[in-house]
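A.B. asks: What follows is model_25.cif; its format and atoms are mmCIF, C-alpha atoms.
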```cif
data_work
loop_
_atom_site.label_atom_id
_atom_site.label_comp_id
_atom_site.auth_asym_id
_atom_site.auth_seq_id
_atom_site.Cartn_x
_atom_site.Cartn_y
_atom_site.Cartn_z
CA MET A 1 25.49 -10.52 6.41
CA LEU A 2 23.38 -11.88 3.54
CA VAL A 3 23.27 -8.71 1.46
CA LYS A 4 27.04 -8.24 1.69
CA ALA A 5 27.62 -11.88 0.73
CA ALA A 6 25.19 -11.63 -2.19
CA LYS A 7 26.90 -8.44 -3.38
CA SER A 8 30.24 -10.20 -3.39
CA GLY A 9 28.83 -12.84 -5.75
CA ASP A 10 27.46 -15.49 -3.41
CA ALA A 11 24.41 -16.77 -5.32
CA THR A 12 23.21 -18.88 -2.38
CA ALA A 13 23.04 -15.75 -0.25
CA PHE A 14 20.92 -14.06 -2.91
CA GLU A 15 18.61 -17.08 -3.02
CA GLU A 16 18.23 -16.76 0.72
CA LEU A 17 17.20 -13.12 0.27
CA VAL A 18 14.64 -14.22 -2.32
CA ASN A 19 13.27 -16.83 0.12
CA ARG A 20 13.01 -14.17 2.78
CA TYR A 21 11.16 -11.56 0.74
CA GLU A 22 9.30 -13.45 -2.03
CA ARG A 23 5.94 -13.51 -0.21
CA LYS A 24 6.05 -9.82 0.64
CA ILE A 25 7.09 -8.83 -2.87
CA PHE A 26 4.31 -10.96 -4.38
CA ARG A 27 1.83 -9.30 -2.01
CA LEU A 28 3.08 -5.89 -3.18
CA THR A 29 2.86 -6.67 -6.90
CA MET A 30 -0.59 -8.27 -6.41
CA ASN A 31 -1.81 -5.24 -4.50
CA ILE A 32 -0.64 -2.85 -7.21
CA THR A 33 -1.60 -4.80 -10.34
CA ARG A 34 -4.65 -6.70 -8.94
CA ASN A 35 -3.87 -9.35 -11.56
CA ARG A 36 -2.08 -12.60 -10.79
CA GLU A 37 -0.26 -12.96 -14.09
CA ASP A 38 1.06 -9.39 -13.99
CA ALA A 39 1.95 -9.76 -10.32
CA GLU A 40 4.01 -12.89 -11.05
CA ASP A 41 5.83 -11.28 -13.99
CA ALA A 42 6.54 -8.12 -12.00
CA MET A 43 7.88 -10.13 -9.07
CA GLN A 44 10.14 -12.28 -11.27
CA ASP A 45 11.52 -9.31 -13.16
CA ALA A 46 12.07 -7.39 -9.92
CA PHE A 47 14.20 -10.17 -8.41
CA MET A 48 16.14 -10.64 -11.66
CA LYS A 49 16.84 -6.89 -11.88
CA ALA A 50 17.85 -6.83 -8.23
CA TYR A 51 20.29 -9.69 -8.92
CA SER A 52 21.77 -7.94 -11.96
CA HIS A 53 22.08 -4.55 -10.23
CA LEU A 54 23.08 -5.67 -6.76
CA ASN A 55 26.36 -3.81 -7.12
CA THR A 56 24.44 -0.51 -7.32
CA PHE A 57 22.67 -1.08 -3.99
CA GLN A 58 23.95 1.39 -1.38
CA GLU A 59 24.19 -0.37 1.94
CA ASP A 60 23.22 2.72 3.91
CA SER A 61 19.58 2.09 2.96
CA ARG A 62 17.42 -0.94 3.75
CA PHE A 63 17.68 -3.76 1.22
CA TYR A 64 13.92 -4.40 1.46
CA THR A 65 13.10 -0.76 0.62
CA TRP A 66 15.40 -0.95 -2.39
CA LEU A 67 13.66 -4.15 -3.51
CA VAL A 68 10.22 -2.58 -2.99
CA ARG A 69 11.22 0.33 -5.24
CA ILE A 70 12.21 -2.04 -8.03
CA ALA A 71 9.13 -4.24 -7.62
CA ALA A 72 6.71 -1.30 -7.38
CA ASN A 73 8.12 0.12 -10.62
CA GLU A 74 7.78 -3.24 -12.36
CA ALA A 75 4.18 -3.57 -11.14
CA LEU A 76 3.31 0.01 -12.13
CA MET A 77 4.72 -0.52 -15.61
CA ARG A 78 2.40 -3.48 -16.12
CA LEU A 79 -0.56 -1.64 -14.63
CA ARG A 80 -0.02 1.31 -16.99
CA LYS A 81 0.17 -1.06 -19.92
CA ARG A 82 -3.02 -2.86 -18.98
CA ARG A 83 -4.98 0.19 -17.84
CA PRO A 84 -3.34 3.19 -19.51
CA ASN A 85 -6.01 5.64 -18.38
CA GLN A 86 -6.07 4.58 -14.79
CA ILE A 87 -2.75 5.76 -13.54
CA SER A 88 -1.18 9.11 -14.10
CA LEU A 89 2.36 10.33 -13.78
CA ASP A 90 1.11 13.87 -13.46
CA GLU A 91 0.60 15.77 -10.28
CA PRO A 92 -2.97 15.25 -9.17
CA VAL A 93 -5.40 18.10 -9.60
CA GLU A 94 -7.63 17.53 -6.66
CA GLY A 95 -10.11 19.93 -5.21
CA GLU A 96 -11.10 19.98 -1.60
CA ASP A 97 -14.66 19.09 -2.46
CA ASP A 98 -16.48 15.92 -1.63
CA LEU A 99 -14.14 14.73 1.08
CA MET A 100 -16.47 15.22 4.03
CA PRO A 101 -18.36 11.98 4.62
CA ARG A 102 -22.13 12.20 4.80
CA GLU A 103 -24.49 10.47 7.22
CA ILE A 104 -21.77 9.41 9.57
CA ARG A 105 -22.81 6.80 12.06
CA ASP A 106 -21.29 4.42 14.52
CA TRP A 107 -20.25 1.07 13.05
CA GLY A 108 -21.12 -0.78 16.24
CA PRO A 109 -19.16 -4.04 16.59
CA SER A 110 -15.92 -3.88 14.61
CA PRO A 111 -16.00 -5.31 11.07
CA GLU A 112 -13.72 -8.11 12.22
CA GLN A 113 -16.20 -9.10 14.92
CA ARG A 114 -19.12 -8.82 12.56
CA PHE A 115 -17.87 -10.76 9.53
CA ALA A 116 -16.36 -14.21 9.28
CA GLN A 117 -12.70 -14.08 8.24
CA SER A 118 -13.31 -15.38 4.73
CA GLU A 119 -16.17 -12.94 4.22
CA MET A 120 -14.00 -10.11 5.51
CA HIS A 121 -11.24 -11.00 3.03
CA ALA A 122 -13.73 -10.99 0.16
CA ILE A 123 -15.08 -7.59 1.24
CA LEU A 124 -11.59 -6.07 1.54
CA ASP A 125 -10.68 -7.48 -1.87
CA GLN A 126 -13.72 -5.86 -3.46
CA VAL A 127 -13.14 -2.58 -1.66
CA ILE A 128 -9.49 -2.24 -2.66
CA ASP A 129 -10.31 -3.32 -6.24
CA GLN A 130 -12.72 -0.40 -6.52
CA LEU A 131 -10.11 2.14 -5.49
CA ASP A 132 -8.45 4.11 -8.32
CA ALA A 133 -4.97 2.80 -9.08
CA ASP A 134 -3.33 6.15 -8.22
CA PHE A 135 -4.79 6.09 -4.72
CA ARG A 136 -4.36 2.36 -4.22
CA THR A 137 -0.67 2.44 -5.07
CA VAL A 138 0.07 5.19 -2.55
CA PHE A 139 -1.98 3.38 0.12
CA VAL A 140 -0.12 0.12 -0.54
CA LEU A 141 3.33 1.71 -0.39
CA ARG A 142 2.67 3.93 2.65
CA ASP A 143 0.32 1.90 4.83
CA ILE A 144 0.97 -1.70 3.87
CA GLU A 145 4.67 -1.63 2.93
CA GLU A 146 5.36 1.17 5.43
CA LEU A 147 7.54 3.23 3.13
CA SER A 148 8.04 6.82 4.25
CA THR A 149 6.28 9.64 2.43
CA GLU A 150 9.59 10.62 0.82
CA GLU A 151 10.36 7.05 -0.29
CA THR A 152 6.86 6.72 -1.77
CA ALA A 153 7.29 10.02 -3.62
CA ALA A 154 10.62 8.80 -5.04
CA VAL A 155 9.17 5.46 -6.19
CA LEU A 156 6.21 7.10 -7.92
CA GLY A 157 8.05 10.14 -9.22
CA ILE A 158 5.57 12.55 -7.63
CA SER A 159 5.95 15.24 -4.97
CA VAL A 160 5.62 14.73 -1.21
CA PRO A 161 2.42 16.88 -1.07
CA ALA A 162 0.95 14.71 -3.87
CA VAL A 163 1.68 11.55 -1.85
CA LYS A 164 0.00 13.07 1.21
CA SER A 165 -3.00 14.18 -0.80
CA ARG A 166 -3.46 10.76 -2.43
CA LEU A 167 -3.00 8.95 0.89
CA LEU A 168 -5.67 11.10 2.53
CA ARG A 169 -8.08 10.40 -0.31
CA ALA A 170 -7.25 6.69 -0.38
CA ARG A 171 -7.90 6.29 3.34
CA LEU A 172 -11.14 8.28 3.23
CA LYS A 173 -12.40 6.42 0.18
CA LEU A 174 -11.62 3.05 1.75
CA ARG A 175 -13.46 4.10 4.93
CA GLN A 176 -16.41 5.21 2.83
CA LYS A 177 -16.52 1.97 0.83
CA LEU A 178 -16.26 -0.13 3.97
CA ASP A 179 -19.01 1.99 5.51
CA ARG A 180 -21.46 0.71 2.88
CA TYR A 181 -20.89 -2.86 4.04
CA MET A 182 -21.30 -1.80 7.63
CA ARG A 183 -24.62 -0.15 6.82
CA ASP A 184 -25.90 -3.15 4.88
CA ARG A 185 -25.15 -5.39 7.80
CA GLN A 186 -26.24 -3.64 10.95
CA PRO A 187 -26.69 -6.04 13.85
CA ASN A 188 -30.28 -6.96 14.74
CA MET B 1 -11.26 24.76 12.94
CA ASN B 2 -14.37 23.40 11.25
CA CYS B 3 -15.24 19.90 9.98
CA ASN B 4 -14.22 20.59 6.35
CA ARG B 5 -10.83 21.88 7.46
CA LEU B 6 -10.33 18.98 9.85
CA ILE B 7 -11.04 16.38 7.19
CA LEU B 8 -8.01 17.62 5.22
CA GLU B 9 -5.76 16.95 8.20
CA ILE B 10 -7.08 13.50 9.16
CA SER B 11 -4.22 11.62 7.54
CA ASN B 12 -1.58 13.84 9.12
CA TYR B 13 -3.36 13.55 12.47
CA ILE B 14 -3.42 9.74 12.29
CA ASP B 15 0.28 9.71 11.36
CA GLY B 16 1.21 12.18 14.12
CA ASP B 17 2.57 14.44 11.42
CA LEU B 18 1.24 17.81 12.66
CA ASP B 19 2.70 20.73 14.55
CA ALA B 20 1.56 21.24 18.14
CA ALA B 21 -0.75 24.17 17.34
CA MET B 22 -2.68 22.26 14.64
CA LYS B 23 -2.92 19.16 16.84
CA LEU B 24 -4.37 21.25 19.66
CA GLU B 25 -6.90 22.87 17.30
CA ILE B 26 -8.04 19.44 16.13
CA GLU B 27 -8.33 18.08 19.64
CA GLN B 28 -10.37 21.08 20.74
CA HIS B 29 -12.72 20.52 17.79
CA LEU B 30 -13.04 16.82 18.62
CA GLN B 31 -14.19 17.63 22.14
CA HIS B 32 -17.49 18.89 20.78
CA CYS B 33 -17.79 17.15 17.37
CA GLY B 34 -18.83 13.52 17.63
CA GLU B 35 -19.04 13.08 13.85
CA CYS B 36 -15.40 14.05 13.22
CA LYS B 37 -14.37 11.78 16.08
CA LEU B 38 -16.23 8.89 14.42
CA VAL B 39 -14.65 9.60 11.02
CA ILE B 40 -11.16 9.65 12.55
CA ASN B 41 -11.73 6.42 14.49
CA GLN B 42 -13.27 4.64 11.49
CA THR B 43 -10.47 5.79 9.19
CA LYS B 44 -7.86 4.51 11.66
CA LEU B 45 -9.75 1.21 11.96
CA THR B 46 -9.97 0.91 8.15
CA VAL B 47 -6.19 1.25 7.81
CA GLU B 48 -5.63 -1.30 10.60
CA ILE B 49 -8.04 -3.82 9.08
CA PHE B 50 -6.32 -3.63 5.69
CA CYS B 51 -2.86 -3.95 7.20
CA ASP B 52 -3.90 -6.90 9.41
CA SER B 53 -5.51 -8.75 6.51
CA GLN B 54 -2.36 -8.76 4.39
CA HIS B 55 -1.33 -12.40 4.63
CA VAL B 56 -1.00 -13.18 0.93
CA GLU B 57 0.29 -16.66 0.30
CA LEU B 58 2.71 -17.21 -2.53
CA PRO B 59 1.19 -20.02 -4.67
CA GLN B 60 3.49 -23.04 -5.05
CA ASP B 61 3.52 -22.91 -8.86
CA VAL B 62 4.39 -19.18 -8.85
CA ARG B 63 7.21 -19.80 -6.39
CA ALA B 64 8.54 -22.74 -8.41
CA ARG B 65 8.68 -20.63 -11.60
CA LEU B 66 10.44 -17.81 -9.75
CA HIS B 67 13.16 -20.15 -8.50
CA GLU B 68 13.58 -21.81 -11.92
CA THR B 69 14.07 -18.38 -13.49
CA LEU B 70 16.50 -17.44 -10.75
CA GLN B 71 18.56 -20.59 -11.32
CA ARG B 72 18.76 -19.81 -15.05
CA LYS B 73 19.85 -16.25 -14.21
CA ILE B 74 22.54 -17.49 -11.84
CA ARG B 75 23.87 -19.90 -14.47
CA ASN B 76 23.74 -17.22 -17.16
CA PRO B 77 23.83 -13.72 -15.62
CA GLN B 78 23.77 -11.99 -19.04
CA SER B 79 20.32 -13.40 -19.89
#
```
In structure tokens, write the structure found in this file.

C.D. replies:
Amino acid sequence: MLVKAAKSGDATAFEELVNRYERKIFRLTMNITRNREDAEDAMQDAFMKAYSHLNTFQEDSRFYTWLVRIAANEALMRLRKRRPNQISLDEPVEGEDDLMPREIRDWGPSPEQRFAQSEMHAILDQVIDQLDADFRTVFVLRDIEELSTEETAAVLGISVPAVKSRLLRARLKLRQKLDRYMRDRQPN
Amino acid sequence: MNCNRLILEISNYIDGDLDAAMKLEIEQHLQHCGECKLVINQTKLTVEIFCDSQHVELPQDVRARLHETLQRKIRNPQS
């Protein structure tokens, strides 16, 4: 097993782990920081920290989840530095107001059928860029990286109810932002 | 169950993270509320679209620098 071999000092095995996960970790750090330079630095530092602290990895959990925790923390550190007011460590104070979407209507053909792939990518990029970092980070960890609610809470240092609340808001806000594109481009 | 109450449970409903009584309440509401049904379906679709679009390529130069740094670290673990 690669992780076991890497833990016992086999550098080639660790390199193999890097080859296996480098794309996914870069995707994660890009999604959190939304900045290529920060994403690269966060990814590099995450792998170097993982290499240095491999002996602390408990093999009863998934290696990838452990790596995601390290990389997410590296990415968040850079995000906080670059945009100190955009991400909070505090519990969110969120009312129940303004969640109910207005003027709900059928989207018709799915966005993927309606937009060319490149156009769709550009739209999704804009939409996720507009999302507050607090919400985006929870969405990335829960929905894209498929961490559990508890794992996400541990990575971010917030409570399980706070993760659930931010995920709900992230999903609704993304739907709402995508809805604008769907309205602008109704089929003839 | 009304629309404002349902909206707070959409995420849990999508994730199947609700007790049976709450799930039943939501499904009863959905039988007569087309708007909530649309919001749930569009929210699910939004999540799917984002997850499906996540094929980020690792640029060659970024990958090369990562592996150079890794080689240095392997040669000198204290760095």

A.B. asks: I would like the residues chosen by the PyMOL selection byres ((chain A) within 9 of (chain B)) on the shown file; could you give them as a count of residues only?

C.D. replies: 47

A.B. asks: Expand the PyMOL selection byres ((chain A and resi 2) around 9) into the individual residues it matches in the shown file, reporting them as a list in words.

C.D. replies: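 With the shown file as input, the PyMOL selection byres ((chain A and resi 2) around 9) matches Met1, Val3, Lys4, Ala5, Ala6, Lys7, Asp10, Ala13, Phe14, Glu16 and Leu17 of chain A.
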
A.B. asks: What does the file look like for those residues with C-alpha atoms, as a short mmCIF file (atom, residue, chain, number, x, y, z; two decimals), keeping the file's coordinate frame?

C.D. replies:
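So the final result, stored in part04.cif, reads:
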```cif
data_model
loop_
_atom_site.label_atom_id
_atom_site.label_comp_id
_atom_site.auth_asym_id
_atom_site.auth_seq_id
_atom_site.Cartn_x
_atom_site.Cartn_y
_atom_site.Cartn_z
CA MET A 1 25.49 -10.52 6.41
CA VAL A 3 23.27 -8.71 1.46
CA LYS A 4 27.04 -8.24 1.69
CA ALA A 5 27.62 -11.88 0.73
CA ALA A 6 25.19 -11.63 -2.19
CA LYS A 7 26.90 -8.44 -3.38
CA ASP A 10 27.46 -15.49 -3.41
CA ALA A 13 23.04 -15.75 -0.25
CA PHE A 14 20.92 -14.06 -2.91
CA GLU A 16 18.23 -16.76 0.72
CA LEU A 17 17.20 -13.12 0.27
#
```

A.B. asks: Separation of CA of Ala72 in chain A and CA of Ala42 in chain A, in Å?

C.D. replies: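 Atom-to-atom, CA of Ala72 in chain A to CA of Ala42 in chain A, that is 8.2 Å.
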
A.B. asks: To one decimal place in Å, what is the distance between CA of Arg78 in chain A and CA of Arg136 in chain A?

C.D. replies: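 Computed distance, CA of Arg78 in chain A to CA of Arg136 in chain A, equals 14.9 Å.
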
A.B. asks: Mind listing whatever residues come within 9 Å of the point (7.8, -1.3, -8.2)? Use only C-alpha atoms, file coordinates, and give them as an mmCIF file with C-alpha atoms, in the coordinates of the input.

C.D. replies:
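So out_11.cif came out as:
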```cif
data_model
loop_
_atom_site.group_PDB
_atom_site.id
_atom_site.type_symbol
_atom_site.label_atom_id
_atom_site.label_comp_id
_atom_site.auth_asym_id
_atom_site.auth_seq_id
_atom_site.Cartn_x
_atom_site.Cartn_y
_atom_site.Cartn_z
ATOM 1 C CA LEU A 28 3.080 -5.890 -3.180
ATOM 2 C CA THR A 29 2.860 -6.670 -6.900
ATOM 3 C CA ILE A 32 -0.640 -2.850 -7.210
ATOM 4 C CA ALA A 42 6.540 -8.120 -12.000
ATOM 5 C CA MET A 43 7.880 -10.130 -9.070
ATOM 6 C CA ALA A 46 12.070 -7.390 -9.920
ATOM 7 C CA LEU A 67 13.660 -4.150 -3.510
ATOM 8 C CA VAL A 68 10.220 -2.580 -2.990
ATOM 9 C CA ARG A 69 11.220 0.330 -5.240
ATOM 10 C CA ILE A 70 12.210 -2.040 -8.030
ATOM 11 C CA ALA A 71 9.130 -4.240 -7.620
ATOM 12 C CA ALA A 72 6.710 -1.300 -7.380
ATOM 13 C CA ASN A 73 8.120 0.120 -10.620
ATOM 14 C CA GLU A 74 7.780 -3.240 -12.360
ATOM 15 C CA ALA A 75 4.180 -3.570 -11.140
ATOM 16 C CA LEU A 76 3.310 0.010 -12.130
ATOM 17 C CA MET A 77 4.720 -0.520 -15.610
ATOM 18 C CA VAL A 155 9.170 5.460 -6.190
ATOM 19 C CA LEU A 156 6.210 7.100 -7.920
#
```

A.B. asks: Please, which residues are within 12 Å of (-5.6, 17.1, 18.3) by the file's coordinates, counting all atoms listed in the file, and could they come as a VMD selection string?

C.D. replies: chain B and resid 1 6 9 to 10 12 to 31 36 to 37 40

A.B. asks: Give me, please, the distance in Å between CA of Gln117 in chain A and CA of Met182 in chain A, quoted to one decimal.

C.D. replies: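 If I compute the distance from CA of Gln117 in chain A to CA of Met182 in chain A, I get 15.0 Å.
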